[in-house]
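What's in protein.pdb: PDB, C-alpha atoms
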```pdb
ATOM      1  CA  MET A  78     112.589 151.641  89.592  1.00  0.00           C
ATOM      2  CA  HIS A  79     115.036 150.190  87.103  1.00  0.00           C
ATOM      3  CA  HIS A  80     118.397 151.694  88.085  1.00  0.00           C
ATOM      4  CA  ALA A  81     120.406 152.701  91.102  1.00  0.00           C
ATOM      5  CA  ALA A  82     123.068 155.388  91.193  1.00  0.00           C
ATOM      6  CA  PHE A  83     125.826 155.304  93.777  1.00  0.00           C
ATOM      7  CA  PHE A  84     127.657 158.594  94.298  1.00  0.00           C
ATOM      8  CA  ARG A  85     131.130 158.757  95.781  1.00  0.00           C
ATOM      9  CA  ASN A  86     131.546 160.944  98.883  1.00  0.00           C
ATOM     10  CA  LEU A  87     127.947 162.098  99.064  1.00  0.00           C
ATOM     11  CA  ASN A  88     126.293 162.282 102.465  1.00  0.00           C
ATOM     12  CA  LEU A  89     122.960 164.056 102.404  1.00  0.00           C
ATOM     13  CA  GLY A  90     122.961 167.417 104.139  1.00  0.00           C
ATOM     14  CA  ARG A  91     126.740 167.604 104.617  1.00  0.00           C
ATOM     15  CA  PRO A  92     128.979 170.273 103.047  1.00  0.00           C
ATOM     16  CA  ASN A  93     129.049 170.005  99.227  1.00  0.00           C
ATOM     17  CA  SER A  94     126.213 167.488  99.365  1.00  0.00           C
ATOM     18  CA  PRO A  95     122.549 168.033  98.596  1.00  0.00           C
ATOM     19  CA  THR A  96     119.596 167.612 100.864  1.00  0.00           C
ATOM     20  CA  ARG A  97     117.337 164.641 100.149  1.00  0.00           C
ATOM     21  CA  ALA A  98     114.893 166.925  98.317  1.00  0.00           C
ATOM     22  CA  GLN A  99     117.653 168.472  96.160  1.00  0.00           C
ATOM     23  CA  PHE A 100     119.083 165.017  95.396  1.00  0.00           C
ATOM     24  CA  GLU A 101     115.772 163.600  94.216  1.00  0.00           C
ATOM     25  CA  GLN A 102     114.804 166.794  92.375  1.00  0.00           C
ATOM     26  CA  ALA A 103     118.051 166.770  90.382  1.00  0.00           C
ATOM     27  CA  PHE A 104     117.013 163.427  88.899  1.00  0.00           C
ATOM     28  CA  ILE A 105     113.416 164.495  88.278  1.00  0.00           C
ATOM     29  CA  ASP A 106     114.575 167.727  86.603  1.00  0.00           C
ATOM     30  CA  ALA A 107     116.958 165.660  84.455  1.00  0.00           C
ATOM     31  CA  GLY A 108     114.015 163.655  83.145  1.00  0.00           C
ATOM     32  CA  ALA A 109     113.663 160.704  85.500  1.00  0.00           C
ATOM     33  CA  ALA A 110     110.116 159.350  85.691  1.00  0.00           C
ATOM     34  CA  ALA A 111     110.740 158.633  89.384  1.00  0.00           C
ATOM     35  CA  ALA A 112     113.614 159.004  91.846  1.00  0.00           C
ATOM     36  CA  GLN A 113     113.918 158.031  95.483  1.00  0.00           C
ATOM     37  CA  SER A 114     116.937 158.556  97.680  1.00  0.00           C
ATOM     38  CA  PHE A 115     117.891 155.514  99.715  1.00  0.00           C
ATOM     39  CA  LEU A 116     119.549 156.086 103.101  1.00  0.00           C
ATOM     40  CA  THR A 117     121.850 159.122 103.357  1.00  0.00           C
ATOM     41  CA  ASN A 118     124.951 157.767 101.613  1.00  0.00           C
ATOM     42  CA  GLY A 119     124.441 158.993  98.053  1.00  0.00           C
ATOM     43  CA  THR A 120     122.374 156.067  96.819  1.00  0.00           C
ATOM     44  CA  ILE A 121     119.300 156.734  94.705  1.00  0.00           C
ATOM     45  CA  ALA A 122     116.897 154.442  92.862  1.00  0.00           C
ATOM     46  CA  PHE A 123     115.401 155.895  89.717  1.00  0.00           C
ATOM     47  CA  ASP A 124     113.454 155.165  86.585  1.00  0.00           C
ATOM     48  CA  ALA A 125     114.960 156.904  83.579  1.00  0.00           C
ATOM     49  CA  GLY A 126     111.707 156.791  81.663  1.00  0.00           C
ATOM     50  CA  ALA A 127     112.345 157.571  78.000  1.00  0.00           C
ATOM     51  CA  ARG A 128     115.584 159.468  78.731  1.00  0.00           C
ATOM     52  CA  PRO A 129     118.935 157.745  78.023  1.00  0.00           C
ATOM     53  CA  VAL A 130     120.498 156.876  81.386  1.00  0.00           C
ATOM     54  CA  ASP A 131     123.888 158.480  80.643  1.00  0.00           C
ATOM     55  CA  ALA A 132     122.303 161.767  79.570  1.00  0.00           C
ATOM     56  CA  LEU A 133     120.077 161.778  82.640  1.00  0.00           C
ATOM     57  CA  LEU A 134     123.047 161.140  84.951  1.00  0.00           C
ATOM     58  CA  ASP A 135     125.110 163.867  83.316  1.00  0.00           C
ATOM     59  CA  GLN A 136     122.335 166.422  83.730  1.00  0.00           C
ATOM     60  CA  ALA A 137     121.590 165.364  87.330  1.00  0.00           C
ATOM     61  CA  ALA A 138     125.299 165.582  88.204  1.00  0.00           C
ATOM     62  CA  GLN A 139     125.527 169.072  86.665  1.00  0.00           C
ATOM     63  CA  SER A 140     122.506 170.129  88.693  1.00  0.00           C
ATOM     64  CA  LEU A 141     124.082 168.808  91.909  1.00  0.00           C
ATOM     65  CA  THR A 142     127.295 170.685  91.153  1.00  0.00           C
ATOM     66  CA  ALA A 143     125.337 173.886  90.590  1.00  0.00           C
ATOM     67  CA  CYS A 144     123.177 173.591  93.708  1.00  0.00           C
ATOM     68  CA  CYS A 145     125.720 172.443  96.277  1.00  0.00           C
ATOM     69  CA  GLY A 146     129.162 172.095  94.710  1.00  0.00           C
ATOM     70  CA  LEU A 147     129.142 168.300  94.499  1.00  0.00           C
ATOM     71  CA  CYS A 148     131.810 167.155  92.032  1.00  0.00           C
ATOM     72  CA  GLU A 149     132.028 163.413  92.588  1.00  0.00           C
ATOM     73  CA  PRO A 150     131.771 160.444  90.250  1.00  0.00           C
ATOM     74  CA  VAL A 151     128.584 158.431  90.050  1.00  0.00           C
ATOM     75  CA  PHE A 152     128.267 154.734  89.334  1.00  0.00           C
ATOM     76  CA  VAL A 153     124.990 153.446  87.911  1.00  0.00           C
ATOM     77  CA  ARG A 154     123.745 149.867  87.845  1.00  0.00           C
ATOM     78  CA  GLU A 155     120.572 148.211  86.670  1.00  0.00           C
ATOM     79  CA  LEU A 156     118.656 146.817  89.617  1.00  0.00           C
ATOM     80  CA  ALA A 157     118.181 143.555  87.679  1.00  0.00           C
ATOM     81  CA  SER A 158     121.966 143.036  87.477  1.00  0.00           C
ATOM     82  CA  LEU A 159     122.305 143.709  91.203  1.00  0.00           C
ATOM     83  CA  ALA A 160     119.498 141.212  91.853  1.00  0.00           C
ATOM     84  CA  ALA A 161     121.296 138.582  89.773  1.00  0.00           C
ATOM     85  CA  LEU A 162     124.471 139.225  91.753  1.00  0.00           C
ATOM     86  CA  ALA A 163     122.545 138.867  95.016  1.00  0.00           C
ATOM     87  CA  ASP A 164     120.944 135.635  93.776  1.00  0.00           C
ATOM     88  CA  ALA A 165     124.440 134.236  93.195  1.00  0.00           C
ATOM     89  CA  ALA A 166     125.014 134.488  96.979  1.00  0.00           C
ATOM     90  CA  PRO A 167     128.621 135.718  96.676  1.00  0.00           C
ATOM     91  CA  PHE A 168     129.264 135.577 100.423  1.00  0.00           C
ATOM     92  CA  GLU A 169     127.857 132.100 100.955  1.00  0.00           C
ATOM     93  CA  GLY A 170     130.346 129.942 102.789  1.00  0.00           C
ATOM     94  CA  VAL A 171     132.289 132.857 104.295  1.00  0.00           C
ATOM     95  CA  ASP A 172     132.867 132.362 108.020  1.00  0.00           C
ATOM     96  CA  ARG A 173     130.977 135.320 109.476  1.00  0.00           C
ATOM     97  CA  ALA A 174     132.665 135.080 112.873  1.00  0.00           C
ATOM     98  CA  SER A 175     135.666 137.203 111.856  1.00  0.00           C
ATOM     99  CA  VAL A 176     133.811 139.524 109.471  1.00  0.00           C
ATOM    100  CA  TYR A 177     133.272 143.183 110.276  1.00  0.00           C
ATOM    101  CA  GLU A 178     131.344 143.948 107.059  1.00  0.00           C
ATOM    102  CA  PHE A 179     130.478 142.484 103.666  1.00  0.00           C
ATOM    103  CA  CYS A 180     130.972 145.127 100.948  1.00  0.00           C
ATOM    104  CA  ILE A 181     130.482 145.826  97.270  1.00  0.00           C
ATOM    105  CA  THR A 182     132.684 148.318  95.476  1.00  0.00           C
ATOM    106  CA  PHE A 183     131.440 149.863  92.250  1.00  0.00           C
ATOM    107  CA  LEU A 184     134.322 150.365  89.849  1.00  0.00           C
ATOM    108  CA  HIS A 185     134.985 153.145  87.343  1.00  0.00           C
ATOM    109  CA  ALA A 186     134.080 152.213  83.757  1.00  0.00           C
ATOM    110  CA  ASP A 187     137.768 152.350  82.779  1.00  0.00           C
ATOM    111  CA  ALA A 188     138.881 150.046  85.596  1.00  0.00           C
ATOM    112  CA  VAL A 189     140.552 146.804  84.669  1.00  0.00           C
ATOM    113  CA  VAL A 190     141.088 144.500  87.606  1.00  0.00           C
ATOM    114  CA  PRO A 191     144.441 142.789  87.126  1.00  0.00           C
ATOM    115  CA  ARG A 192     144.372 138.994  87.185  1.00  0.00           C
ATOM    116  CA  ASN A 193     147.100 139.040  89.827  1.00  0.00           C
ATOM    117  CA  LEU A 194     145.261 141.427  92.159  1.00  0.00           C
ATOM    118  CA  PRO A 195     146.036 140.220  95.663  1.00  0.00           C
ATOM    119  CA  VAL A 196     143.036 138.569  97.256  1.00  0.00           C
ATOM    120  CA  ILE A 197     144.006 140.101 100.595  1.00  0.00           C
ATOM    121  CA  SER A 198     145.100 143.698 101.165  1.00  0.00           C
ATOM    122  CA  PRO A 199     148.614 144.301 102.542  1.00  0.00           C
ATOM    123  CA  ARG A 200     147.166 144.907 106.041  1.00  0.00           C
ATOM    124  CA  GLY A 201     144.989 141.796 105.785  1.00  0.00           C
ATOM    125  CA  ASP A 202     141.859 143.806 106.579  1.00  0.00           C
ATOM    126  CA  VAL A 203     140.200 143.529 103.142  1.00  0.00           C
ATOM    127  CA  GLN A 204     139.661 140.172 101.483  1.00  0.00           C
ATOM    128  CA  ILE A 205     138.331 140.030  97.929  1.00  0.00           C
ATOM    129  CA  VAL A 206     135.683 137.353  97.511  1.00  0.00           C
ATOM    130  CA  HIS A 207     134.299 137.926  94.013  1.00  0.00           C
ATOM    131  CA  VAL A 208     135.102 140.148  91.019  1.00  0.00           C
ATOM    132  CA  THR A 209     132.811 141.039  88.116  1.00  0.00           C
ATOM    133  CA  ASP A 210     133.565 143.373  85.203  1.00  0.00           C
ATOM    134  CA  SER A 211     132.303 146.333  87.213  1.00  0.00           C
ATOM    135  CA  GLU A 212     132.225 145.377  90.908  1.00  0.00           C
ATOM    136  CA  VAL A 213     134.402 143.871  93.581  1.00  0.00           C
ATOM    137  CA  LEU A 214     132.798 142.081  96.510  1.00  0.00           C
ATOM    138  CA  SER A 215     134.885 141.908  99.637  1.00  0.00           C
ATOM    139  CA  VAL A 216     134.979 140.998 103.280  1.00  0.00           C
ATOM    140  CA  VAL A 217     136.239 143.608 105.731  1.00  0.00           C
ATOM    141  CA  HIS A 218     137.999 142.724 108.966  1.00  0.00           C
ATOM    142  CA  LYS A 219     138.631 145.064 111.865  1.00  0.00           C
ATOM    143  CA  PHE A 220     142.019 144.902 113.516  1.00  0.00           C
ATOM    144  CA  GLY A 221     142.414 147.454 116.286  1.00  0.00           C
ATOM    145  CA  GLN A 222     140.451 150.697 116.075  1.00  0.00           C
ATOM    146  CA  SER A 223     139.510 150.859 112.403  1.00  0.00           C
ATOM    147  CA  PRO A 224     138.107 148.432 109.856  1.00  0.00           C
ATOM    148  CA  GLY A 225     139.632 147.914 106.439  1.00  0.00           C
ATOM    149  CA  SER A 226     138.552 150.103 103.546  1.00  0.00           C
ATOM    150  CA  PRO A 227     137.891 148.279 100.286  1.00  0.00           C
ATOM    151  CA  ASN A 228     137.361 151.648  98.601  1.00  0.00           C
ATOM    152  CA  ALA A 229     140.762 153.029  99.595  1.00  0.00           C
ATOM    153  CA  TYR A 230     142.485 149.746  98.730  1.00  0.00           C
ATOM    154  CA  LEU A 231     140.876 149.480  95.280  1.00  0.00           C
ATOM    155  CA  GLU A 232     141.253 153.171  94.390  1.00  0.00           C
ATOM    156  CA  LYS A 233     144.946 153.017  95.248  1.00  0.00           C
ATOM    157  CA  THR A 234     145.457 149.722  93.443  1.00  0.00           C
ATOM    158  CA  LEU A 235     143.511 150.613  90.292  1.00  0.00           C
ATOM    159  CA  GLY A 236     144.289 154.347  90.192  1.00  0.00           C
ATOM    160  CA  LEU A 237     140.650 155.277  89.545  1.00  0.00           C
ATOM    161  CA  PRO A 238     137.743 156.453  91.681  1.00  0.00           C
ATOM    162  CA  ALA A 239     135.293 153.919  93.064  1.00  0.00           C
ATOM    163  CA  THR A 240     132.557 153.860  95.662  1.00  0.00           C
ATOM    164  CA  THR A 241     131.722 151.202  98.220  1.00  0.00           C
ATOM    165  CA  ARG A 242     128.526 150.225 100.000  1.00  0.00           C
ATOM    166  CA  ALA A 243     127.782 147.651 102.641  1.00  0.00           C
ATOM    167  CA  TRP A 244     126.345 144.566 100.953  1.00  0.00           C
ATOM    168  CA  ASN A 245     123.348 144.836 103.246  1.00  0.00           C
ATOM    169  CA  THR A 246     122.590 148.265 101.737  1.00  0.00           C
ATOM    170  CA  VAL A 247     122.278 146.662  98.304  1.00  0.00           C
ATOM    171  CA  LEU A 248     120.098 143.864  99.663  1.00  0.00           C
ATOM    172  CA  ARG A 249     117.815 146.402 101.366  1.00  0.00           C
ATOM    173  CA  LEU A 250     117.705 148.518  98.192  1.00  0.00           C
ATOM    174  CA  LEU A 251     116.633 145.439  96.223  1.00  0.00           C
ATOM    175  CA  THR A 252     113.966 144.585  98.783  1.00  0.00           C
ATOM    176  CA  ARG A 253     112.500 148.065  98.441  1.00  0.00           C
ATOM    177  CA  HIS A 254     112.973 148.711  94.721  1.00  0.00           C
ATOM    178  CA  GLY A 255     114.006 145.450  93.033  1.00  0.00           C
TER     179      GLY A 255
END
```

Output the file's structure as structure tokens, nothing else.
Amino acid sequence: MHHAAFFRNLNLGRPNSPTRAQFEQAFIDAGAAAAQSFLTNGTIAFDAGARPVDALLDQAAQSLTACCGLCEPVFVRELASLAALADAAPFEGVDRASVYEFCITFLHADAVVPRNLPVISPRGDVQIVHVTDSEVLSVVHKFGQSPGSPNAYLEKTLGLPATTRAWNTVLRLLTRHG
């Protein structure tokens, strides 16, 4: 597998979401040489084969809309770039004692992270650790009943859709498909 796609608001088998078989088949029908869903959160590893990745994603997304009504953005990354990010150990040195979750948020292609973006959310429950051109890595804290939401914070701040995964999900994806 060479790529991973991360869909926003897709949970396999839920309303307006495909089953695992429908999810994988949408990519195969769109021309992927291989496709394997990972977990149930809208993450899929795939090999585009000879098909351009953008064209494949567009066709797979259209298929998912037709079969189950899914109309959510998708964010694609090369597994090699995710591996390089993991090798950089972005969370090294973070005191894990107060951490609820380490997260990666995949940003919309039009997103521009402002230089003066606060490192800590107004509630103090999301702390940005590292920013690339297309991702934000953050630490989530839990105060009271609910943990912080890097996705909600970044979507509100940037005014564009995004999708977030636990950092451990990416590490596990790389172990299986990287």

### Task
Would you translate the PyMOL selection byres ((chain A and resi 228-230) around 8) into the concrete set of residues it matches in this file, as a list in words?
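Matching residues under the PyMOL selection byres ((chain A and resi 228-230) around 8) are Thr182, Ser198, Val203, Ser226, Pro227, Leu231, Glu232, Lys233, Thr234, Ala239, Thr240 and Thr241 of chain A.
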
Serialized selection, C-alpha atoms, as a compact mmCIF listing (two decimals), in the frame of the given file:
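Generated file (out18.txt):
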```txt
# COMPACT_ATOMS: atom_id res chain seq x y z
CA THR A 182 132.68 148.32 95.48
CA SER A 198 145.10 143.70 101.16
CA VAL A 203 140.20 143.53 103.14
CA SER A 226 138.55 150.10 103.55
CA PRO A 227 137.89 148.28 100.29
CA LEU A 231 140.88 149.48 95.28
CA GLU A 232 141.25 153.17 94.39
CA LYS A 233 144.95 153.02 95.25
CA THR A 234 145.46 149.72 93.44
CA ALA A 239 135.29 153.92 93.06
CA THR A 240 132.56 153.86 95.66
CA THR A 241 131.72 151.20 98.22
```

### Which of A:Glu212, A:Glu149, A:Asp106, A:Asp124 sits closest to A:Ala137 [using all atoms listed in the file]
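With all atoms listed in the file as the atom set, the closest residue is A:Asp106.
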
### Task
Run the PyMOL selection byres ((chain A and resi 248) around 12) against the file shown and list the residues it catches, as a list in words.
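That selection, the PyMOL selection byres ((chain A and resi 248) around 12), comes back as Phe115, Leu156, Leu159, Ala160, Ala161, Leu162, Ala163, Asp164, Ala166, Phe179, Cys180, Ile181, Arg242, Ala243, Trp244, Asn245, Thr246, Val247, Arg249, Leu250, Leu251, Thr252, Arg253, His254 and Gly255 of chain A.
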
### Message
Can you tell me which residues surround A:Thr96 at a distance of at most 12 Å, considering only C-alpha atoms, apart from same-chain residues fewer than 4 positions away, and format the answer as a ChimeraX atom specification?
### Response
/A:87-92,100-103,114,116-119,141,144-145,147

Print the selection's residues with C-alpha atoms to a file, as a CSV table (one decimal), in the frame of the given file.
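What landed in selection-v1.csv:
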```
chain,number,residue,atom,x,y,z
A,87,LEU,CA,127.9,162.1,99.1
A,88,ASN,CA,126.3,162.3,102.5
A,89,LEU,CA,123.0,164.1,102.4
A,90,GLY,CA,123.0,167.4,104.1
A,91,ARG,CA,126.7,167.6,104.6
A,92,PRO,CA,129.0,170.3,103.0
A,100,PHE,CA,119.1,165.0,95.4
A,101,GLU,CA,115.8,163.6,94.2
A,102,GLN,CA,114.8,166.8,92.4
A,103,ALA,CA,118.1,166.8,90.4
A,114,SER,CA,116.9,158.6,97.7
A,116,LEU,CA,119.5,156.1,103.1
A,117,THR,CA,121.8,159.1,103.4
A,118,ASN,CA,125.0,157.8,101.6
A,119,GLY,CA,124.4,159.0,98.1
A,141,LEU,CA,124.1,168.8,91.9
A,144,CYS,CA,123.2,173.6,93.7
A,145,CYS,CA,125.7,172.4,96.3
A,147,LEU,CA,129.1,168.3,94.5
```

### For A:Ser94, the nearest of the candidates A:Ala111, A:Ala132, A:Ala143, A:Val196, counting only C-alpha atoms
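That would be A:Ala143, the residue with the smallest distance to A:Ser94.
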
### Task
Would you mind reading off the distance between atom CA of A:Ala125 and atom CA of A:Ala110, one decimal, in Å?
5.8 Å

### Task
Give as a VMD selection string the residues that the PyMOL selection byres ((chain A and resi 151) around 9) matches when applied to the coordinates above.
chain A and resid 82 to 85 134 138 149 to 150 152 to 153 185 239 to 240

Just the selected residues (C-alpha atoms), exported as a PDB file, in the frame of the given file, please.
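Result file is out_19.pdb:
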```pdb
ATOM      1  CA  ALA A  82     123.068 155.388  91.193  1.00  0.00           C
ATOM      2  CA  PHE A  83     125.826 155.304  93.777  1.00  0.00           C
ATOM      3  CA  PHE A  84     127.657 158.594  94.298  1.00  0.00           C
ATOM      4  CA  ARG A  85     131.130 158.757  95.781  1.00  0.00           C
ATOM      5  CA  LEU A 134     123.047 161.140  84.951  1.00  0.00           C
ATOM      6  CA  ALA A 138     125.299 165.582  88.204  1.00  0.00           C
ATOM      7  CA  GLU A 149     132.028 163.413  92.588  1.00  0.00           C
ATOM      8  CA  PRO A 150     131.771 160.444  90.250  1.00  0.00           C
ATOM      9  CA  PHE A 152     128.267 154.734  89.334  1.00  0.00           C
ATOM     10  CA  VAL A 153     124.990 153.446  87.911  1.00  0.00           C
ATOM     11  CA  HIS A 185     134.985 153.145  87.343  1.00  0.00           C
ATOM     12  CA  ALA A 239     135.293 153.919  93.064  1.00  0.00           C
ATOM     13  CA  THR A 240     132.557 153.860  95.662  1.00  0.00           C
TER      14      THR A 240
END
```

### Message
So that I can see what lies close to A:Arg128, please list as a ChimeraX atom specification the residues with an atom at most 9 Å from it, counting only C-alpha atoms and leaving out residues fewer than 2 positions away in the same chain.
### Response
/A:107-110,125-126,130-133

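In this comparison, which uses only C-alpha atoms, the residue of A:Arg154, A:Lys219, A:Arg97, A:Arg173 approaching A:Met78 most closely is A:Arg154.
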